[in-house]
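Just below is one structure, and these are the notes that go with it.
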Amino acid sequence: MVEITFKQYILNSSNSLFNENHSLAIRIWHWTFFAVILSSLVTVLFASTLFKTRPNIPMVQAQIEENGGTVTHDQAKAVAHEYNDKLWDLHTWVGYGLCFLLFSRIIIEVSNSKEEKLKNKIKKALAISNMDLVEKNDKRHYLLAKYGYLFFYIIILIMAITGLGLAFEDVPFLKEIHRNIKQVHSFFQYLAYFYMLSHLIGVIRADITKNKGIVSQMINGKKL
Ligand code: HEM
Ligand code: HEM
């Protein structure tokens, strides 16, 4: 019964089965999220390379000595560490932004129209996967893309929870499990990178093959 209703709904609701609406809220959310997550990645990249504490200790010592001063290894380490800390502080602030955006995504999901709810998009993808009139590969890709969003939201939720756990490390309970939280946070970053890369390849491929205009749809919201 439910399946028939869904099939009818899908067939009636769009010219192409894979063609979708993106509300203004989700489009603004998407591009803001893209900018914020990119800033977060930049802080990680700089803090883990150019501003890493240990490799900068000799540079701090050399600069002070060139200018007539002397400094011990520990003093130079304190200076180099301060720069690294500044970047992690920035990462934490950007992280609060990501937490806020994740929260707003939940609000958007609740207030979105029936057709645009992720929950219903997954249901629609499942209904399509049971249809004979659609090519097998197309059905698989469509379903994979929708489950991909769910997968990514779960990863980001874990990054946000562990990130907050690191940010509030002074809370006694969190102090005890700080190491474990850090390990989980570090591990899940790779799944986030994996998703982002696959997503980029996926949408660009879709745009230049079977779903022309899918990217501009995410910009202007107009159905193809
Ligand atoms: C995709 C998003 C994120 C990525 C890729 C990411 C990546 C990282 C990495 C690689 C570290 C270093 C871990 C280590 O030293 O082993 C880190 C630390 C940290 N992250 Fe994130 N993170 C993300 C999101 C967040 C969020 C949402 C928050 C929430 C506030 C957050 C807060 C922190 C904090 C507080 C630290 C510890 C910084 C320090 O050592 O002082 N991160 N993050
Ligand atoms: C790298 C950071 C990015 C992240 C984390 C990200 C994340 C997401 C998420 C979570 C969705 C699903 C939105 C929903 O809930 O409905 C989405 C959809 C989409 N994104 Fe991204 N995105 C990123 C970058 C990009 C870029 C650079 C482009 C364009 C080249 C793009 C194009 C799209 C398109 C076209 C959709 C809609 C696809 C569809 O209709 O199924 N994204 N993105």
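Chain labels follow the order of the structure tokens: the first chain is A, the next B, and so on; residue numbering restarts at 1 in every chain, and ligands are counted from 1 in their shown order.
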
task = Could I get the residue neighbourhood of ligand 1 at 9 Å, counting only C-alpha atoms and all ligand atoms, as a PyMOL selection string?
result = chain A and resi 37-38+40-41+43-45+47-48+84-89+91-100+102+155-169+179+182-193

task = Pick out the residues no farther than 6 Å from ligand 2, counting only C-alpha atoms and all ligand atoms, and list them as a count of residues only.
result = 10

Long-range neighbours of Glu115 in chain A as a PDB file with all heavy atoms, in the first residue's frame, 9 Å cut-off, only C-alpha atoms, 2 positions minimum in chain:
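Final output, around.pdb:
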```pdb
ATOM      1  N   SER A  13       5.541  13.427  -9.225  1.00  0.00           N
ATOM      2  CA  SER A  13       6.164  14.630  -8.659  1.00  0.00           C
ATOM      3  C   SER A  13       7.260  15.242  -9.513  1.00  0.00           C
ATOM      4  O   SER A  13       7.640  16.373  -9.292  1.00  0.00           O
ATOM      5  CB  SER A  13       6.709  14.344  -7.266  1.00  0.00           C
ATOM      6  OG  SER A  13       7.756  13.419  -7.370  1.00  0.00           O
ATOM      7  N   GLU A  20      15.618  16.859  -8.493  1.00  0.00           N
ATOM      8  CA  GLU A  20      15.161  17.223  -7.146  1.00  0.00           C
ATOM      9  C   GLU A  20      15.152  18.716  -6.883  1.00  0.00           C
ATOM     10  O   GLU A  20      15.967  19.450  -7.426  1.00  0.00           O
ATOM     11  CB  GLU A  20      16.076  16.570  -6.118  1.00  0.00           C
ATOM     12  CG  GLU A  20      15.578  15.216  -5.731  1.00  0.00           C
ATOM     13  CD  GLU A  20      16.587  14.466  -4.920  1.00  0.00           C
ATOM     14  OE1 GLU A  20      17.625  15.035  -4.570  1.00  0.00           O
ATOM     15  OE2 GLU A  20      16.321  13.292  -4.640  1.00  0.00           O
ATOM     16  N   ASN A  21      14.264  19.102  -5.992  1.00  0.00           N
ATOM     17  CA  ASN A  21      14.233  20.485  -5.520  1.00  0.00           C
ATOM     18  C   ASN A  21      15.220  20.663  -4.384  1.00  0.00           C
ATOM     19  O   ASN A  21      15.400  19.760  -3.591  1.00  0.00           O
ATOM     20  CB  ASN A  21      12.845  20.765  -4.930  1.00  0.00           C
ATOM     21  CG  ASN A  21      11.988  21.514  -5.896  1.00  0.00           C
ATOM     22  OD1 ASN A  21      12.487  22.103  -6.845  1.00  0.00           O
ATOM     23  ND2 ASN A  21      10.693  21.508  -5.658  1.00  0.00           N
ATOM     24  N   ASN A 112      11.402  21.296   6.602  1.00  0.00           N
ATOM     25  CA  ASN A 112      11.371  21.155   5.143  1.00  0.00           C
ATOM     26  C   ASN A 112      10.066  20.536   4.644  1.00  0.00           C
ATOM     27  O   ASN A 112       9.386  19.837   5.407  1.00  0.00           O
ATOM     28  CB  ASN A 112      12.513  20.218   4.707  1.00  0.00           C
ATOM     29  CG  ASN A 112      13.543  20.938   3.861  1.00  0.00           C
ATOM     30  OD1 ASN A 112      13.327  22.058   3.417  1.00  0.00           O
ATOM     31  ND2 ASN A 112      14.668  20.300   3.644  1.00  0.00           N
ATOM     32  N   SER A 113       9.755  20.786   3.358  1.00  0.00           N
ATOM     33  CA  SER A 113       8.556  20.163   2.781  1.00  0.00           C
ATOM     34  C   SER A 113       8.767  18.649   2.720  1.00  0.00           C
ATOM     35  O   SER A 113       9.905  18.171   2.771  1.00  0.00           O
ATOM     36  CB  SER A 113       8.335  20.700   1.379  1.00  0.00           C
ATOM     37  OG  SER A 113       9.343  20.196   0.536  1.00  0.00           O
ATOM     38  N   LYS A 117      12.549  16.352   2.539  1.00  0.00           N
ATOM     39  CA  LYS A 117      13.133  15.744   3.742  1.00  0.00           C
ATOM     40  C   LYS A 117      14.069  14.614   3.328  1.00  0.00           C
ATOM     41  O   LYS A 117      13.708  13.805   2.467  1.00  0.00           O
ATOM     42  CB  LYS A 117      12.033  15.184   4.654  1.00  0.00           C
ATOM     43  CG  LYS A 117      11.253  16.242   5.406  1.00  0.00           C
ATOM     44  CD  LYS A 117      10.414  15.586   6.489  1.00  0.00           C
ATOM     45  CE  LYS A 117       9.286  16.471   6.975  1.00  0.00           C
ATOM     46  NZ  LYS A 117       9.687  17.703   7.597  1.00  0.00           N
ATOM     47  N   LEU A 118      15.252  14.558   3.946  1.00  0.00           N
ATOM     48  CA  LEU A 118      16.217  13.514   3.618  1.00  0.00           C
ATOM     49  C   LEU A 118      15.607  12.124   3.827  1.00  0.00           C
ATOM     50  O   LEU A 118      15.802  11.210   3.030  1.00  0.00           O
ATOM     51  CB  LEU A 118      17.498  13.682   4.468  1.00  0.00           C
ATOM     52  CG  LEU A 118      18.635  12.715   4.154  1.00  0.00           C
ATOM     53  CD1 LEU A 118      19.103  12.835   2.716  1.00  0.00           C
ATOM     54  CD2 LEU A 118      19.818  12.935   5.091  1.00  0.00           C
ATOM     55  N   ASN A 120      12.578  11.221   3.416  1.00  0.00           N
ATOM     56  CA  ASN A 120      11.729  10.845   2.285  1.00  0.00           C
ATOM     57  C   ASN A 120      12.517  10.635   1.000  1.00  0.00           C
ATOM     58  O   ASN A 120      12.118   9.864   0.135  1.00  0.00           O
ATOM     59  CB  ASN A 120      10.624  11.894   2.082  1.00  0.00           C
ATOM     60  CG  ASN A 120       9.596  11.794   3.189  1.00  0.00           C
ATOM     61  OD1 ASN A 120       9.444  10.735   3.797  1.00  0.00           O
ATOM     62  ND2 ASN A 120       8.920  12.887   3.487  1.00  0.00           N
ATOM     63  N   LYS A 121      13.674  11.350   0.899  1.00  0.00           N
ATOM     64  CA  LYS A 121      14.512  11.145  -0.288  1.00  0.00           C
ATOM     65  C   LYS A 121      15.083   9.730  -0.261  1.00  0.00           C
ATOM     66  O   LYS A 121      15.211   9.091  -1.296  1.00  0.00           O
ATOM     67  CB  LYS A 121      15.633  12.184  -0.331  1.00  0.00           C
ATOM     68  CG  LYS A 121      15.137  13.558  -0.759  1.00  0.00           C
ATOM     69  CD  LYS A 121      16.263  14.545  -0.890  1.00  0.00           C
ATOM     70  CE  LYS A 121      15.762  15.879  -1.422  1.00  0.00           C
ATOM     71  NZ  LYS A 121      16.812  16.879  -1.502  1.00  0.00           N
TER      72      LYS A 121
END
```

ask   = Which residue gives the smallest distance to Ala35 in chain A among A:Met131, A:Ile108, A:Met59, A:Leu101, with only C-alpha atoms counted?
value = A:Leu101

request  = Check the DSSP output for the backbone and give back, as a VMD selection string, the residues of range 5-205 of chain A in alpha helix (DSSP H).
outcome  = chain A and resid 5 to 13 24 to 48 53 to 66 73 to 111 118 to 129 136 to 167 172 to 176 178 to 205

Shell of 9 Å around range 25-28 of chain A, only C-alpha atoms, local chain residues under 4 positions omitted, as a CSV table (one decimal) with all heavy atoms, in the first residue's frame:
```
chain,number,residue,atom,x,y,z
A,32,THR,N,27.3,27.4,3.0
A,32,THR,CA,27.9,27.9,4.2
A,32,THR,C,28.7,26.8,4.9
A,32,THR,O,29.8,26.9,5.3
A,32,THR,CB,26.8,28.4,5.2
A,32,THR,OG1,25.9,29.2,4.5
A,32,THR,CG2,27.4,29.2,6.4
A,33,PHE,N,28.1,25.6,4.9
A,33,PHE,CA,28.8,24.4,5.4
A,33,PHE,C,30.0,24.1,4.7
A,33,PHE,O,31.1,23.8,5.3
A,33,PHE,CB,27.8,23.2,5.4
A,33,PHE,CG,28.2,22.1,6.2
A,33,PHE,CD1,28.1,22.1,7.6
A,33,PHE,CD2,28.8,20.9,5.6
A,33,PHE,CE1,28.5,21.0,8.4
A,33,PHE,CE2,29.2,19.9,6.4
A,33,PHE,CZ,29.1,19.9,7.8
A,105,ARG,N,20.9,22.1,10.5
A,105,ARG,CA,20.4,21.2,9.5
A,105,ARG,C,19.3,20.3,10.0
A,105,ARG,O,18.4,19.9,9.3
A,105,ARG,CB,21.6,20.2,9.1
A,105,ARG,CG,21.3,19.2,8.1
A,105,ARG,CD,20.9,19.8,6.7
A,105,ARG,NE,20.5,18.9,5.7
A,105,ARG,CZ,19.2,18.4,5.6
A,105,ARG,NH1,18.3,18.9,6.5
A,105,ARG,NH2,18.8,17.6,4.7
A,108,ILE,N,16.2,22.5,9.7
A,108,ILE,CA,15.8,22.5,8.3
A,108,ILE,C,15.1,21.2,8.0
A,108,ILE,O,14.0,21.2,7.3
A,108,ILE,CB,17.0,22.7,7.4
A,108,ILE,CG1,17.6,24.1,7.6
A,108,ILE,CG2,16.6,22.6,5.9
A,108,ILE,CD1,18.9,24.4,6.8
A,109,GLU,N,15.6,20.1,8.4
A,109,GLU,CA,15.0,18.8,8.2
A,109,GLU,C,13.6,18.7,8.7
A,109,GLU,O,12.6,18.3,8.0
A,109,GLU,CB,15.8,17.6,8.8
A,109,GLU,CG,15.3,16.2,8.5
A,109,GLU,CD,15.4,15.8,7.1
A,109,GLU,OE1,16.0,16.5,6.3
A,109,GLU,OE2,14.9,14.7,6.8
A,112,ASN,N,11.4,21.3,6.6
A,112,ASN,CA,11.4,21.2,5.1
A,112,ASN,C,10.1,20.5,4.6
A,112,ASN,O,9.4,19.8,5.4
A,112,ASN,CB,12.5,20.2,4.7
A,112,ASN,CG,13.5,20.9,3.9
A,112,ASN,OD1,13.3,22.1,3.4
A,112,ASN,ND2,14.7,20.3,3.6
A,218,MET,N,22.0,23.2,-7.3
A,218,MET,CA,22.3,23.4,-5.9
A,218,MET,C,22.7,24.9,-5.6
A,218,MET,O,22.7,25.3,-4.5
A,218,MET,CB,23.5,22.5,-5.5
A,218,MET,CG,23.7,22.3,-4.0
A,218,MET,SD,22.2,22.0,-3.1
A,218,MET,CE,22.7,21.0,-1.8
A,219,ILE,N,22.9,25.6,-6.7
A,219,ILE,CA,23.1,27.1,-6.6
A,219,ILE,C,21.8,27.9,-6.8
A,219,ILE,O,21.5,28.7,-5.9
A,219,ILE,CB,24.2,27.5,-7.6
A,219,ILE,CG1,25.5,26.8,-7.4
A,219,ILE,CG2,24.4,29.1,-7.5
A,219,ILE,CD1,26.6,27.0,-8.4
A,220,ASN,N,21.1,27.6,-7.9
A,220,ASN,CA,19.9,28.4,-8.1
A,220,ASN,C,18.6,27.8,-7.7
A,220,ASN,O,17.6,28.4,-7.8
A,220,ASN,CB,19.9,28.9,-9.6
A,220,ASN,CG,19.8,27.7,-10.6
A,220,ASN,OD1,19.2,26.7,-10.3
A,220,ASN,ND2,20.5,27.8,-11.7
A,221,GLY,N,18.6,26.5,-7.4
A,221,GLY,CA,17.4,25.8,-6.9
A,221,GLY,C,16.4,25.5,-8.0
A,221,GLY,O,15.4,24.9,-7.7
```

Residue contacts of Gln61 in chain A (12 Å, only C-alpha atoms) excluding same-chain residues fewer than 5 positions away, as a compact mmCIF listing (two decimals) with N, CA, C and O atoms, in the first residue's frame:
```txt
# COMPACT_ATOMS: atom_id res chain seq x y z
N ARG A 54 57.29 21.01 17.01
CA ARG A 54 58.68 20.50 17.03
C ARG A 54 59.56 21.05 15.89
O ARG A 54 60.64 21.59 16.17
N PRO A 55 59.13 20.99 14.63
CA PRO A 55 60.01 21.48 13.56
C PRO A 55 60.29 22.98 13.63
O PRO A 55 61.25 23.45 13.02
N ASN A 56 59.47 23.72 14.38
CA ASN A 56 59.68 25.17 14.45
C ASN A 56 60.62 25.61 15.58
O ASN A 56 61.02 26.78 15.63
N GLU A 66 70.21 35.04 15.91
CA GLU A 66 70.60 35.98 14.83
C GLU A 66 70.42 37.42 15.28
O GLU A 66 71.10 38.33 14.83
N ASN A 67 69.45 37.64 16.17
CA ASN A 67 69.16 39.01 16.64
C ASN A 67 69.80 39.32 17.98
O ASN A 67 69.36 40.21 18.71
N GLY A 68 70.82 38.56 18.30
CA GLY A 68 71.64 38.86 19.47
C GLY A 68 71.14 38.29 20.79
O GLY A 68 71.73 38.58 21.85
N GLY A 69 70.11 37.50 20.79
CA GLY A 69 69.60 36.95 22.05
C GLY A 69 69.99 35.48 22.21
O GLY A 69 70.57 34.88 21.30
N THR A 70 69.70 34.94 23.37
CA THR A 70 69.88 33.50 23.55
C THR A 70 68.57 32.93 24.13
O THR A 70 67.87 33.62 24.87
N VAL A 71 68.31 31.70 23.80
CA VAL A 71 67.07 31.09 24.25
C VAL A 71 67.30 29.58 24.42
O VAL A 71 68.03 28.98 23.63
N THR A 72 66.73 29.02 25.47
CA THR A 72 66.90 27.57 25.66
C THR A 72 65.93 26.82 24.75
O THR A 72 64.98 27.43 24.21
N HIS A 73 66.15 25.52 24.66
CA HIS A 73 65.27 24.68 23.84
C HIS A 73 63.83 24.78 24.36
O HIS A 73 62.89 24.94 23.58
N ASP A 74 63.67 24.74 25.70
CA ASP A 74 62.32 24.77 26.28
C ASP A 74 61.62 26.10 26.02
O ASP A 74 60.41 26.14 25.79
N GLN A 75 62.42 27.20 26.10
CA GLN A 75 61.81 28.53 25.84
C GLN A 75 61.36 28.62 24.38
O GLN A 75 60.26 29.11 24.09
N ALA A 76 62.22 28.14 23.48
CA ALA A 76 61.86 28.17 22.05
C ALA A 76 60.63 27.30 21.79
O ALA A 76 59.75 27.65 21.00
N LYS A 77 60.58 26.17 22.52
CA LYS A 77 59.44 25.26 22.35
C LYS A 77 58.14 25.95 22.77
O LYS A 77 57.10 25.81 22.11
N ALA A 78 58.23 26.72 23.88
CA ALA A 78 57.03 27.42 24.38
C ALA A 78 56.51 28.40 23.32
O ALA A 78 55.30 28.50 23.10
N VAL A 79 57.44 29.09 22.64
CA VAL A 79 57.02 30.07 21.62
C VAL A 79 56.38 29.33 20.43
O VAL A 79 55.28 29.67 19.98
N ALA A 80 57.10 28.28 19.94
CA ALA A 80 56.58 27.53 18.78
C ALA A 80 55.22 26.92 19.11
O ALA A 80 54.31 26.91 18.28
```

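Counting only C-alpha atoms, Leu143 in chain A has the following residues at most 8 Å away, ignoring those fewer than 4 positions along the same chain: Ile122, Ala125, Leu126, Ser129, Lys139 and Tyr147 of chain A.
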
Generate the output file for the selected residues, N, CA and C atoms, as a PDB file, in the first residue's frame.
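Writing done, so here's out32.pdb:
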```
ATOM      1  N   ILE A 122      15.416   9.244   0.939  1.00  0.00           N
ATOM      2  CA  ILE A 122      15.929   7.877   1.057  1.00  0.00           C
ATOM      3  C   ILE A 122      14.811   6.880   0.740  1.00  0.00           C
ATOM      4  N   ALA A 125      14.433   6.833  -2.912  1.00  0.00           N
ATOM      5  CA  ALA A 125      15.513   6.075  -3.551  1.00  0.00           C
ATOM      6  C   ALA A 125      15.263   4.574  -3.409  1.00  0.00           C
ATOM      7  N   LEU A 126      14.754   4.155  -2.243  1.00  0.00           N
ATOM      8  CA  LEU A 126      14.471   2.730  -2.024  1.00  0.00           C
ATOM      9  C   LEU A 126      13.332   2.265  -2.924  1.00  0.00           C
ATOM     10  N   SER A 129      14.598   1.881  -6.343  1.00  0.00           N
ATOM     11  CA  SER A 129      15.457   0.704  -6.510  1.00  0.00           C
ATOM     12  C   SER A 129      14.638  -0.569  -6.734  1.00  0.00           C
ATOM     13  N   LYS A 139      19.863   3.463 -10.550  1.00  0.00           N
ATOM     14  CA  LYS A 139      19.161   3.257  -9.266  1.00  0.00           C
ATOM     15  C   LYS A 139      20.180   3.128  -8.154  1.00  0.00           C
ATOM     16  N   TYR A 147      22.212   7.514   0.739  1.00  0.00           N
ATOM     17  CA  TYR A 147      22.787   6.908   1.946  1.00  0.00           C
ATOM     18  C   TYR A 147      24.101   7.607   2.310  1.00  0.00           C
TER      19      TYR A 147
END
```

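Note that the spacing between CA of Ile128 in chain A and CA of Leu150 in chain A amounts to 17.8 Å.
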